[in-house]
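Undergrad: File name protein01.cif; file contents mmCIF, C-alpha atoms and all ligand atoms; full text below.
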```
data_data
#
loop_
_atom_site.label_atom_id
_atom_site.label_comp_id
_atom_site.auth_asym_id
_atom_site.auth_seq_id
_atom_site.Cartn_x
_atom_site.Cartn_y
_atom_site.Cartn_z
CA MET A 1 0.00 0.00 0.00
CA SER A 2 1.26 3.43 -0.76
CA THR A 3 1.05 6.13 1.84
CA GLY A 4 0.07 9.74 1.25
CA SER A 5 -2.58 11.13 -1.02
CA PRO A 6 -2.80 11.97 -4.69
CA ARG A 7 -3.73 15.46 -5.82
CA LEU A 8 -7.52 15.56 -5.98
CA LEU A 9 -8.69 18.08 -8.59
CA PRO A 10 -12.18 19.08 -9.76
CA ALA A 11 -12.79 17.55 -13.19
CA ASP A 12 -13.44 20.86 -14.93
CA SER A 13 -10.87 23.27 -13.48
CA GLY A 14 -8.21 20.55 -13.04
CA LEU A 15 -8.37 19.24 -16.58
CA ALA A 16 -5.45 21.16 -18.08
CA GLU A 17 -3.12 20.23 -15.23
CA ALA A 18 -4.17 16.57 -15.42
CA ALA A 19 -3.55 16.56 -19.17
CA SER A 20 -0.02 17.85 -18.66
CA VAL A 21 0.63 15.17 -16.02
CA LEU A 22 -0.46 12.55 -18.59
CA ARG A 23 1.75 14.05 -21.29
CA THR A 24 4.79 13.92 -19.03
CA GLY A 25 4.41 10.25 -18.11
CA GLY A 26 2.29 10.54 -14.95
CA LEU A 27 -0.78 8.63 -13.80
CA VAL A 28 -4.18 10.32 -13.76
CA ALA A 29 -7.36 8.72 -12.46
CA PHE A 30 -10.39 10.10 -14.30
CA PRO A 31 -14.14 9.54 -14.45
CA THR A 32 -15.76 7.72 -17.35
CA GLU A 33 -19.42 6.82 -17.73
CA THR A 34 -18.64 3.30 -16.45
CA VAL A 35 -16.05 3.40 -13.64
CA TYR A 36 -13.01 5.56 -12.86
CA GLY A 37 -9.99 4.73 -15.03
CA LEU A 38 -6.30 4.86 -14.10
CA GLY A 39 -4.81 6.58 -17.12
CA ALA A 40 -1.36 6.83 -18.65
CA ASN A 41 -0.05 7.89 -22.05
CA ALA A 42 -0.62 4.77 -24.18
CA LEU A 43 2.30 5.66 -26.47
CA ASP A 44 4.75 5.62 -23.53
CA ALA A 45 5.83 2.17 -22.33
CA ARG A 46 7.27 3.50 -19.06
CA ALA A 47 4.09 5.36 -18.21
CA ALA A 48 2.03 2.24 -18.97
CA ALA A 49 4.35 0.16 -16.79
CA ARG A 50 3.51 2.44 -13.87
CA ILE A 51 -0.16 1.43 -14.18
CA PHE A 52 0.69 -2.23 -13.57
CA GLU A 53 2.82 -1.22 -10.58
CA ALA A 54 0.19 1.07 -9.05
CA LYS A 55 -2.54 -1.56 -9.34
CA ALA A 56 -0.33 -4.54 -8.47
CA ARG A 57 -1.80 -5.89 -11.70
CA PRO A 58 -0.29 -8.96 -13.33
CA SER A 59 1.55 -8.01 -16.53
CA PHE A 60 -0.48 -10.58 -18.51
CA ASP A 61 -3.72 -8.58 -18.06
CA PRO A 62 -3.96 -6.15 -21.00
CA LEU A 63 -5.17 -2.54 -20.77
CA ILE A 64 -7.92 -0.74 -22.68
CA THR A 65 -6.82 2.24 -24.81
CA HIS A 66 -9.16 5.24 -24.63
CA LEU A 67 -9.67 7.77 -27.44
CA ALA A 68 -11.33 11.20 -27.34
CA ASP A 69 -13.35 10.62 -30.47
CA ALA A 70 -14.43 7.80 -32.78
CA ALA A 71 -12.73 9.68 -35.62
CA ASP A 72 -9.37 9.08 -33.87
CA LEU A 73 -9.57 5.29 -34.39
CA GLU A 74 -8.55 4.90 -38.02
CA PRO A 75 -5.61 7.34 -37.87
CA LEU A 76 -4.24 5.21 -35.00
CA VAL A 77 -5.00 1.66 -36.14
CA GLY A 78 -5.80 1.90 -39.86
CA PRO A 79 -8.89 0.41 -41.51
CA VAL A 80 -10.96 -1.92 -39.30
CA PRO A 81 -13.36 -4.76 -40.28
CA PRO A 82 -16.87 -3.55 -41.24
CA ALA A 83 -18.57 -5.01 -38.15
CA VAL A 84 -16.09 -3.23 -35.87
CA ALA A 85 -16.66 0.05 -37.70
CA ALA A 86 -20.43 -0.41 -37.51
CA LEU A 87 -20.35 -0.98 -33.74
CA ALA A 88 -18.06 2.01 -33.19
CA ALA A 89 -20.31 4.21 -35.31
CA ARG A 90 -23.40 3.12 -33.41
CA PHE A 91 -22.15 3.00 -29.81
CA TRP A 92 -19.21 5.42 -29.44
CA PRO A 93 -18.93 7.40 -27.30
CA GLY A 94 -20.26 4.70 -25.00
CA PRO A 95 -19.62 1.68 -22.78
CA LEU A 96 -18.42 -0.63 -25.55
CA THR A 97 -14.81 -1.80 -25.91
CA LEU A 98 -13.77 -3.23 -29.29
CA ILE A 99 -10.86 -5.48 -30.20
CA VAL A 100 -8.63 -4.35 -33.08
CA ASP A 101 -5.11 -5.15 -34.31
CA ARG A 102 -2.47 -3.49 -32.16
CA PRO A 103 -0.82 -0.67 -34.13
CA ALA A 104 2.98 -0.30 -34.03
CA ALA A 105 2.63 3.02 -32.19
CA ILE A 106 1.22 1.25 -29.11
CA PRO A 107 3.98 -0.49 -27.11
CA PRO A 108 3.36 -4.20 -26.38
CA ILE A 109 3.23 -3.64 -22.61
CA VAL A 110 -0.16 -1.94 -23.09
CA THR A 111 -1.63 -5.12 -24.62
CA SER A 112 0.43 -7.50 -22.48
CA GLY A 113 2.19 -8.67 -25.61
CA LEU A 114 -1.00 -9.47 -27.54
CA ASP A 115 -1.10 -8.46 -31.19
CA THR A 116 -4.62 -7.16 -30.56
CA MET A 117 -5.69 -4.06 -28.65
CA ALA A 118 -8.86 -3.20 -26.75
CA VAL A 119 -10.10 0.32 -27.47
CA ARG A 120 -13.05 2.56 -26.63
CA VAL A 121 -14.33 6.15 -26.57
CA PRO A 122 -15.84 6.88 -23.15
CA ASP A 123 -19.14 8.77 -22.98
CA ASN A 124 -18.00 11.33 -20.43
CA ASP A 125 -17.11 14.92 -21.29
CA HIS A 126 -14.35 15.14 -18.67
CA ALA A 127 -12.73 11.95 -19.95
CA ARG A 128 -12.92 13.02 -23.58
CA GLY A 129 -11.74 16.53 -22.75
CA LEU A 130 -8.79 15.12 -20.83
CA ILE A 131 -7.74 12.75 -23.62
CA ALA A 132 -8.12 15.49 -26.23
CA ALA A 133 -6.10 17.95 -24.14
CA ALA A 134 -3.37 15.37 -23.55
CA GLY A 135 -3.24 14.78 -27.30
CA VAL A 136 -2.40 11.09 -26.90
CA PRO A 137 -4.39 7.85 -26.59
CA VAL A 138 -4.81 6.96 -22.92
CA ALA A 139 -4.34 3.43 -21.59
CA ALA A 140 -6.58 2.92 -18.57
CA PRO A 141 -7.77 -0.03 -16.54
CA SER A 142 -10.27 0.50 -13.75
CA ALA A 143 -8.62 2.60 -11.02
CA ASN A 144 -8.61 -0.03 -8.27
CA ARG A 145 -5.99 -2.40 -6.97
CA PHE A 146 -6.05 -5.69 -8.85
CA GLY A 147 -8.93 -7.95 -7.81
CA GLN A 148 -10.68 -5.32 -5.70
CA LEU A 149 -13.96 -3.50 -6.25
CA SER A 150 -14.05 -1.07 -9.16
CA PRO A 151 -14.27 2.63 -8.20
CA THR A 152 -17.39 4.60 -9.08
CA ARG A 153 -16.40 7.70 -7.06
CA ALA A 154 -13.18 9.71 -6.74
CA GLU A 155 -12.99 8.85 -3.04
CA HIS A 156 -12.93 5.12 -3.88
CA VAL A 157 -9.80 5.78 -5.96
CA VAL A 158 -8.13 7.84 -3.26
CA ARG A 159 -8.86 5.17 -0.66
CA GLY A 160 -7.73 2.29 -2.87
CA LEU A 161 -4.66 3.65 -4.63
CA GLY A 162 -3.44 6.54 -2.50
CA ALA A 163 -0.28 8.25 -3.72
CA ALA A 164 0.38 5.51 -6.27
CA VAL A 165 -1.61 7.81 -8.57
CA ASP A 166 -0.42 11.39 -9.21
CA VAL A 167 -3.76 13.10 -9.83
CA VAL A 168 -7.40 12.11 -9.32
CA LEU A 169 -9.92 14.11 -11.35
CA ASP A 170 -13.17 14.23 -9.41
CA GLY A 171 -16.17 14.18 -11.72
CA GLY A 172 -18.66 12.84 -9.18
CA PRO A 173 -20.25 9.38 -9.23
CA THR A 174 -20.13 7.55 -12.57
CA ARG A 175 -23.35 7.12 -14.53
CA CYS A 176 -23.33 3.42 -15.50
CA GLY A 177 -21.39 2.12 -12.51
CA ILE A 178 -20.27 -1.06 -14.23
CA GLU A 179 -17.44 -1.65 -16.74
CA SER A 180 -17.80 -1.56 -20.51
CA THR A 181 -18.95 -4.53 -22.56
CA ILE A 182 -15.97 -6.00 -24.46
CA VAL A 183 -16.64 -7.40 -27.95
CA ASP A 184 -14.40 -9.02 -30.53
CA ALA A 185 -16.25 -8.32 -33.79
CA ARG A 186 -13.41 -9.17 -36.16
CA GLY A 187 -14.70 -12.63 -37.01
CA GLU A 188 -17.86 -13.89 -38.65
CA ARG A 189 -19.90 -13.84 -35.47
CA PRO A 190 -19.08 -11.30 -32.74
CA VAL A 191 -17.90 -12.68 -29.41
CA VAL A 192 -18.69 -10.95 -26.12
CA LEU A 193 -15.52 -11.27 -24.01
CA ARG A 194 -16.94 -9.44 -20.99
CA LEU A 195 -20.55 -8.61 -20.14
CA GLY A 196 -20.86 -4.95 -19.24
CA ALA A 197 -22.84 -1.73 -19.26
CA LEU A 198 -23.98 -2.09 -22.87
CA PRO A 199 -26.59 -4.88 -22.84
CA VAL A 200 -26.11 -7.80 -25.23
CA GLU A 201 -29.64 -7.17 -26.53
CA GLU A 202 -28.51 -3.73 -27.80
CA LEU A 203 -25.44 -5.17 -29.53
CA GLU A 204 -27.48 -7.82 -31.28
CA LYS A 205 -29.72 -5.16 -32.85
CA VAL A 206 -26.65 -4.09 -34.85
CA THR A 207 -24.75 -7.35 -35.36
CA GLY A 208 -27.32 -10.11 -35.15
CA PRO A 209 -26.69 -13.01 -32.75
CA VAL A 210 -23.46 -12.90 -30.76
CA THR A 211 -21.59 -15.60 -28.89
CA ILE A 212 -20.98 -15.04 -25.20
CA ARG A 213 -17.60 -16.46 -24.30
CA PRO A 214 -17.85 -19.04 -21.53
CA GLY A 215 -16.76 -17.41 -18.30
CA SER A 216 -17.90 -13.94 -19.32
CA SER A 217 -21.40 -14.79 -18.13
CA GLY A 218 -19.98 -15.78 -14.78
CA GLN A 219 -20.76 -19.48 -15.12
CA PRO A 220 -17.87 -20.96 -13.17
CA VAL A 221 -15.65 -22.60 -15.79
CA ALA A 222 -12.27 -22.45 -14.11
CA PRO A 223 -12.12 -21.10 -10.56
CA GLY A 224 -8.89 -19.29 -11.45
CA THR A 225 -10.65 -17.10 -13.98
CA LEU A 226 -13.24 -16.07 -11.43
CA ALA A 227 -11.21 -15.72 -8.26
CA ALA A 228 -10.08 -12.36 -6.94
CA HIS A 229 -12.15 -10.24 -9.27
CA TYR A 230 -14.46 -7.42 -8.30
CA ALA A 231 -14.30 -8.66 -4.73
CA PRO A 232 -15.08 -6.83 -1.51
CA ARG A 233 -12.79 -7.63 1.42
CA THR A 234 -15.75 -9.14 3.26
CA PRO A 235 -16.83 -12.68 2.22
CA LEU A 236 -19.88 -12.47 -0.05
CA ARG A 237 -22.59 -15.13 -0.40
CA LEU A 238 -24.84 -14.82 -3.43
CA LEU A 239 -28.48 -15.94 -3.33
CA PRO A 240 -29.49 -17.74 -6.54
CA ILE A 241 -31.36 -15.96 -9.35
CA GLY A 242 -35.08 -16.35 -8.71
CA SER A 243 -34.87 -16.32 -4.90
CA PRO A 244 -37.78 -14.27 -3.51
CA VAL A 245 -36.72 -10.61 -3.53
CA GLY A 246 -36.22 -9.05 -0.11
CA ALA A 247 -37.63 -12.03 1.77
CA GLU A 248 -34.37 -13.26 3.26
CA PRO A 249 -34.42 -13.41 7.08
CA ALA A 250 -31.25 -12.61 9.01
CA ALA A 251 -29.84 -15.73 10.67
CA GLY A 252 -30.26 -14.62 14.29
CA ASP A 253 -27.04 -16.33 15.35
CA GLY A 254 -25.42 -13.13 16.61
CA VAL A 255 -23.13 -12.81 13.58
CA ARG A 256 -23.17 -9.29 12.07
CA ARG A 257 -24.14 -9.63 8.42
CA GLY A 258 -24.78 -7.13 5.67
CA TYR A 259 -27.52 -7.52 3.06
CA LEU A 260 -27.46 -6.36 -0.55
CA SER A 261 -31.00 -6.18 -1.90
CA PHE A 262 -32.14 -5.57 -5.45
CA ARG A 263 -35.44 -3.77 -4.74
CA ASP A 264 -37.11 -4.47 -1.39
CA ARG A 265 -35.86 -4.04 2.15
CA PRO A 266 -35.32 -7.39 3.88
CA ALA A 267 -36.80 -8.26 7.28
CA ASP A 268 -35.06 -6.77 10.34
CA GLY A 269 -31.92 -8.22 11.85
CA TRP A 270 -29.24 -7.19 9.36
CA ALA A 271 -26.35 -5.06 10.63
CA ALA A 272 -26.26 -3.11 7.35
CA VAL A 273 -28.56 -3.01 4.33
CA GLU A 274 -28.07 -1.58 0.84
CA VAL A 275 -30.95 -1.46 -1.65
CA LEU A 276 -29.82 -1.16 -5.29
CA SER A 277 -33.03 0.30 -6.71
CA ALA A 278 -36.24 0.87 -4.76
CA THR A 279 -38.13 1.01 -8.07
CA GLY A 280 -36.57 -2.19 -9.41
CA ASP A 281 -34.72 -0.35 -12.18
CA LEU A 282 -31.75 -2.38 -13.49
CA THR A 283 -29.86 0.64 -14.83
CA GLU A 284 -30.02 2.27 -11.41
CA ALA A 285 -29.02 -1.02 -9.78
CA ALA A 286 -25.92 -1.26 -12.00
CA ALA A 287 -24.99 2.34 -11.27
CA ARG A 288 -25.20 1.70 -7.52
CA LEU A 289 -23.65 -1.80 -7.37
CA PHE A 290 -20.01 -1.06 -6.60
CA ASP A 291 -20.80 1.86 -4.29
CA ALA A 292 -23.19 -0.37 -2.30
CA LEU A 293 -20.50 -3.06 -2.04
CA HIS A 294 -17.93 -0.44 -0.95
CA GLN A 295 -20.43 0.67 1.77
CA LEU A 296 -21.14 -2.85 3.00
CA ASP A 297 -17.42 -3.58 2.98
CA ALA A 298 -16.87 -0.57 5.26
CA ALA A 299 -19.69 -1.55 7.63
CA GLY A 300 -17.61 -4.02 9.63
CA VAL A 301 -19.77 -7.08 8.95
CA ALA A 302 -18.53 -10.67 8.91
CA GLU A 303 -20.41 -11.60 5.75
CA ILE A 304 -22.34 -9.94 2.94
CA VAL A 305 -25.43 -11.76 1.67
CA ALA A 306 -26.41 -10.55 -1.81
CA GLU A 307 -29.49 -11.04 -3.95
CA SER A 308 -29.14 -11.71 -7.65
CA VAL A 309 -30.99 -9.26 -9.91
CA PRO A 310 -33.25 -10.13 -12.86
CA ASP A 311 -30.95 -11.71 -15.47
CA THR A 312 -31.79 -9.49 -18.42
CA GLY A 313 -30.26 -6.38 -20.05
CA VAL A 314 -27.57 -4.82 -17.87
CA GLY A 315 -28.79 -7.14 -15.08
CA ARG A 316 -26.69 -9.88 -16.67
CA ALA A 317 -23.53 -7.85 -16.10
CA VAL A 318 -24.60 -7.09 -12.50
CA ASN A 319 -25.09 -10.82 -11.81
CA ASP A 320 -21.74 -11.53 -13.50
CA ARG A 321 -19.93 -9.16 -11.10
CA LEU A 322 -21.80 -10.60 -8.10
CA ARG A 323 -20.89 -14.18 -9.08
CA ARG A 324 -17.25 -13.22 -9.42
CA ALA A 325 -17.27 -11.47 -6.05
CA ALA A 326 -18.87 -14.56 -4.48
CA ALA A 327 -16.51 -16.98 -6.27
CA THR A 328 -13.52 -15.39 -4.56
CA TRP A 329 -14.92 -16.54 -1.26
CA GLN A 330 -15.97 -20.07 -2.15
CA PRO A 331 -13.99 -22.75 -0.37
CA ALA A 332 -11.37 -24.17 -2.71
CA GLY A 333 -12.26 -27.56 -4.15
O1 LIG A 401 -15.41 0.42 -18.51
C1 LIG A 401 -14.26 0.04 -18.66
O2 LIG A 401 -13.94 -0.75 -19.57
C2 LIG A 401 -13.21 0.58 -17.69
C3 LIG A 401 -13.04 2.07 -17.97
C4 LIG A 401 -11.92 2.67 -17.17
O3 LIG A 401 -12.85 2.28 -19.33
N1 LIG A 401 -11.97 -0.12 -17.85
C5 LIG A 401 -11.79 -1.40 -17.44
O4 LIG A 401 -10.50 -1.87 -17.60
O5 LIG A 401 -12.67 -2.08 -16.97
P1 LIG A 401 -9.93 -3.19 -16.88
O6 LIG A 401 -8.48 -3.15 -17.06
O7 LIG A 401 -10.42 -3.30 -15.52
O8 LIG A 401 -10.43 -4.36 -17.78
C6 LIG A 401 -9.89 -4.50 -19.07
C7 LIG A 401 -10.04 -5.89 -19.56
C8 LIG A 401 -8.86 -6.80 -19.27
O9 LIG A 401 -8.95 -7.40 -18.01
C9 LIG A 401 -8.96 -7.82 -20.39
O10 LIG A 401 -9.79 -8.87 -19.95
C10 LIG A 401 -9.66 -7.05 -21.50
O11 LIG A 401 -10.05 -5.83 -20.99
N2 LIG A 401 -8.74 -6.81 -22.62
C11 LIG A 401 -7.87 -5.80 -22.77
N3 LIG A 401 -7.18 -5.93 -23.93
C12 LIG A 401 -7.65 -7.04 -24.51
C13 LIG A 401 -7.34 -7.72 -25.74
N4 LIG A 401 -6.42 -7.27 -26.59
N5 LIG A 401 -8.02 -8.85 -26.01
C14 LIG A 401 -8.97 -9.31 -25.15
N6 LIG A 401 -9.30 -8.73 -23.99
C15 LIG A 401 -8.64 -7.61 -23.68
MG MG A 402 -10.90 -3.80 -13.65
#
```
Can you give me the file's structure in the form of structure tokens?

TA:
Amino acid sequence: MSTGSPRLLPADSGLAEAASVLRTGGLVAFPTETVYGLGANALDARAAARIFEAKARPSFDPLITHLADAADLEPLVGPVPPAVAALAARFWPGPLTLIVDRPAAIPPIVTSGLDTMAVRVPDNDHARGLIAAAGVPVAAPSANRFGQLSPTRAEHVVRGLGAAVDVVLDGGPTRCGIESTIVDARGERPVVLRLGALPVEELEKVTGPVTIRPGSSGQPVAPGTLAAHYAPRTPLRLLPIGSPVGAEPAAGDGVRRGYLSFRDRPADGWAAVEVLSATGDLTEAAARLFDALHQLDAAGVAEIVAESVPDTGVGRAVNDRLRRAAATWQPAG
């Protein structure tokens, strides 16, 4: 853990300073519409290396490159397959990450040595303004330590990364609250590599049927691919999809437990309760998910019991994150 604090700047007035920190090889955490990103100049291998250090992220986990505008894609990577271009045209700026060939200008450390690169244009004016002002593509994973909860507020970044990051741009809570959907649309049939804020149903309106890569839907394939991802520090137990909403009774065994509800408040007896959306709105639930988990994690409970949400639209990505958080805490076997 690093000690000390980063410089916390308001997203509007701090933008020029943050851009100059990026240009000179520093690390800047910034808001996007999904979660806060930990940004570095994607053309600078040393700057990108600092991201892996700051997050304690394994070097085999590639970064997403962020652009200010969809029009910046072709000048960087050259012509892309028609399906990739169609998705970019329809959904950028927005919570969709696309796989393209890695251009020579992007050093291999950014893509962990892969000859492909993940790229997106975030739908957040501060993010786009920052990238445009820096004048370089910005490599940015989520601004959390590896395996921990993603940050949806500037204070989550400050708490999680401390002085390992030079500047945090505070743009308030993020709108979607869950990471981008990652799609490889280079082949005949697009493959969803990670469920995310853009629902699969929306993608399929443009591309026709997609394949969802096993593991991206959270079905446990190999425990190793699930473990230590999106996890609170507190053990989390996930109630199955279809369990009655809000009906769960606290155990009454004296153990302090927290409860994460989709819509309804549970019966009394929980030490801490977070409701994702009192109106049962999945978009709101996604936006609140990580903040609610951060809150329950800070509540000093021995266990978090979480409801699944309806498994449709962005609800699928919410359930995916909950399964991964729960998988971390399953007994090995
Ligand atoms: O919403 C988001 O996508 C956020 C914001 C900051 O943009 N970023 C984010 O980054 O979630 P991160 O590093 O937490 O997740 C990026 C994931 C990697 O773990 C990897 O699975 C996938 O993107 N990825 C990156 N490059 C890839 C590539 N060339 N091929 C396949 N997957 C790739
Ligand atoms: Mg992440």

Undergrad: Quick one: which chain A residues come within 12 Å of ligand MG 402 (chain A), and what is the nearest atom pair for each with the distance in Å to one decimal, counting only C-alpha atoms and all ligand atoms, rows ordered by chain and ascending number, as CSV?

TA:
```
residue,atom,partner,partner_atom,distance
A:Thr34,CA,A:MG402,MG,10.9
A:Val35,CA,A:MG402,MG,8.9
A:Tyr36,CA,A:MG402,MG,9.6
A:Gly37,CA,A:MG402,MG,8.7
A:Leu38,CA,A:MG402,MG,9.8
A:Ile51,CA,A:MG402,MG,12.0
A:Phe52,CA,A:MG402,MG,11.7
A:Lys55,CA,A:MG402,MG,9.7
A:Ala56,CA,A:MG402,MG,11.8
A:Arg57,CA,A:MG402,MG,9.5
A:Pro58,CA,A:MG402,MG,11.8
A:Asp61,CA,A:MG402,MG,9.7
A:Pro62,CA,A:MG402,MG,10.4
A:Leu63,CA,A:MG402,MG,9.2
A:Ile64,CA,A:MG402,MG,10.0
A:Ala140,CA,A:MG402,MG,9.4
A:Pro141,CA,A:MG402,MG,5.7
A:Ser142,CA,A:MG402,MG,4.3
A:Ala143,CA,A:MG402,MG,7.3
A:Asn144,CA,A:MG402,MG,7.0
A:Arg145,CA,A:MG402,MG,8.4
A:Phe146,CA,A:MG402,MG,7.1
A:Gly147,CA,A:MG402,MG,7.4
A:Gln148,CA,A:MG402,MG,8.1
A:Leu149,CA,A:MG402,MG,8.0
A:Ser150,CA,A:MG402,MG,6.1
A:Pro151,CA,A:MG402,MG,9.1
A:Thr152,CA,A:MG402,MG,11.6
A:Ile178,CA,A:MG402,MG,9.8
A:Glu179,CA,A:MG402,MG,7.5
A:Ser180,CA,A:MG402,MG,10.0
A:Arg194,CA,A:MG402,MG,11.1
A:Gly196,CA,A:MG402,MG,11.5
A:Ala228,CA,A:MG402,MG,10.9
A:His229,CA,A:MG402,MG,7.9
A:Tyr230,CA,A:MG402,MG,7.4
A:Ala231,CA,A:MG402,MG,10.7
A:Phe290,CA,A:MG402,MG,11.8
A:Arg321,CA,A:MG402,MG,10.8
```

Undergrad: Calculate how many Å separate CA of Asp123 (chain A) from CA of Leu87 (chain A), rounding to one decimal.

TA: 14.6 Å

Undergrad: Could you check how far CA of Pro249 (chain A) sits from CA of Gly313 (chain A), in Å to one decimal?

TA: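 Here the two named atoms are 28.3 Å from each other.
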
Undergrad: Taking 2 positions as the minimum chain separation for residues in the same chain, which residues sit within 9 Å of Gly280 (chain A) when counting only C-alpha atoms? Answer as a VMD selection string.

TA: chain A and resid 262 to 264 276 to 278 282 284 to 285

Undergrad: Please identify all polymer residues within 10 Å of region 7-14 of chain A, counting all atoms listed in the file, omitting same-chain residues fewer than 4 positions from it, and present them as a PDB file with C-alpha atoms, keeping the file's coordinate frame.

TA:
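See around.pdb below for the written result:
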```pdb
ATOM      1  CA  ALA A  18      -4.170  16.570 -15.420  1.00  0.00           C
ATOM      2  CA  ALA A  19      -3.550  16.560 -19.170  1.00  0.00           C
ATOM      3  CA  VAL A  28      -4.180  10.320 -13.760  1.00  0.00           C
ATOM      4  CA  ALA A  29      -7.360   8.720 -12.460  1.00  0.00           C
ATOM      5  CA  PHE A  30     -10.390  10.100 -14.300  1.00  0.00           C
ATOM      6  CA  PRO A  31     -14.140   9.540 -14.450  1.00  0.00           C
ATOM      7  CA  ASP A 125     -17.110  14.920 -21.290  1.00  0.00           C
ATOM      8  CA  HIS A 126     -14.350  15.140 -18.670  1.00  0.00           C
ATOM      9  CA  ALA A 127     -12.730  11.950 -19.950  1.00  0.00           C
ATOM     10  CA  GLY A 129     -11.740  16.530 -22.750  1.00  0.00           C
ATOM     11  CA  LEU A 130      -8.790  15.120 -20.830  1.00  0.00           C
ATOM     12  CA  ALA A 154     -13.180   9.710  -6.740  1.00  0.00           C
ATOM     13  CA  GLU A 155     -12.990   8.850  -3.040  1.00  0.00           C
ATOM     14  CA  VAL A 158      -8.130   7.840  -3.260  1.00  0.00           C
ATOM     15  CA  GLY A 162      -3.440   6.540  -2.500  1.00  0.00           C
ATOM     16  CA  ALA A 163      -0.280   8.250  -3.720  1.00  0.00           C
ATOM     17  CA  VAL A 165      -1.610   7.810  -8.570  1.00  0.00           C
ATOM     18  CA  ASP A 166      -0.420  11.390  -9.210  1.00  0.00           C
ATOM     19  CA  VAL A 167      -3.760  13.100  -9.830  1.00  0.00           C
ATOM     20  CA  VAL A 168      -7.400  12.110  -9.320  1.00  0.00           C
ATOM     21  CA  LEU A 169      -9.920  14.110 -11.350  1.00  0.00           C
ATOM     22  CA  ASP A 170     -13.170  14.230  -9.410  1.00  0.00           C
ATOM     23  CA  GLY A 171     -16.170  14.180 -11.720  1.00  0.00           C
ATOM     24  CA  GLY A 172     -18.660  12.840  -9.180  1.00  0.00           C
TER      25      GLY A 172
END
```

Undergrad: Could you check the closest approach to Asp320 (chain A) for each of A:Ser308, A:Ser5, A:Thr116, A:Ser59 and tell me which residue wins, using all atoms listed in the file?

TA: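 Of the candidates, the smallest distance to Asp320 (chain A) is held by A:Ser308.
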
Undergrad: Restricting the calculation to only C-alpha atoms and all ligand atoms, which member of A:Asp184, A:Asp268, A:Glu274, A:Glu248 is positioned closest to ligand LIG 401 (chain A)?

TA: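 Nearest to ligand LIG 401 (chain A): A:Asp184.
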
Undergrad: What is the distance between CA of Ala88 (chain A) and CA of Pro75 (chain A), in Å to one decimal?

TA: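 Here the two named atoms are 14.3 Å from each other.
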
Undergrad: Rank nothing, just name the residue among A:Ile131, A:Ala197, A:Ala45, A:Val80 nearest to ligand LIG 401 (chain A), using all atoms listed in the file.

TA: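 Comparing A:Ile131, A:Ala197, A:Ala45, A:Val80 against ligand LIG 401 (chain A), the winner is A:Ala197.
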
Undergrad: Taking every listed atom of ligand LIG 401 (chain A) and adding 3 Å to each side, what centre and edge lengths in Å (one decimal) does the axis-aligned box have, as lines of an AutoDock Vina configuration file?

TA:
```
center_x = -10.9
center_y = -3.3
center_z = -21.1
size_x = 15.0
size_y = 18.0
size_z = 17.1
```

Undergrad: Do you know which residues are at most 9 Å from Val255 (chain A) counting all atoms listed in the file, after dropping those on the same chain fewer than 2 positions away, and could you put them as a list in words?

TA: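 Here the answer would be Ala251, Gly252, Asp253, Arg257, Ala271, Val301, Ala302 and Glu303 of chain A.
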
Undergrad: Which residues come within 8 Å of Gly94 (chain A), counting all atoms listed in the file, excluding same-chain residues fewer than 2 positions away, as a PyMOL selection string?

TA: chain A and resi 33+91-92+96+120-123

Undergrad: If we count only C-alpha atoms and set the cut-off at 9 Å, which residues sit around Ala118 (chain A), ignoring sequence neighbours fewer than 5 positions away in its own chain? Please answer as a list in words.

TA: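 Surrounding residues, per the criterion: Pro62, Leu63, Ile64, Thr65, His66, Thr97, Leu98, Ile99, Val100, Asp101, Arg102, Thr111, Ile182, Val183 and Asp184 of chain A.
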
Undergrad: Within 7 Å of (0.6, 3.2, -23.5), only C-alpha atoms: residues as number ranges by chain?

TA: A: 40-45, 47-48, 106-107, 110, 138-139

Undergrad: Select, from A:Glu53, A:Val192, A:Leu27, A:Ala104, the residue with the minimum atom-to-atom distance to ligand LIG 401 (chain A), counting only C-alpha atoms and all ligand atoms.

TA: A:Val192

Undergrad: I'd like to know which of A:Val119, A:Ala16, A:Leu161, A:Ala71 is closest to ligand LIG 401 (chain A), using only C-alpha atoms and all ligand atoms.

TA: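 Going through A:Val119, A:Ala16, A:Leu161, A:Ala71 one by one, the smallest distance to ligand LIG 401 (chain A) is for A:Val119.
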
Undergrad: Go through A:Gly187, A:Pro81, A:Gly4, A:Pro95 and flag the residue nearest ligand LIG 401 (chain A), using only C-alpha atoms and all ligand atoms for the distances.

TA: A:Pro95

Undergrad: Identify the residues within 10 Å of coordinate (-12.5, -8.3, 8.4) (same frame as the file), considering all atoms listed in the file, and give the answer as a PyMOL selection string.

TA: chain A and resi 233-235+297-303
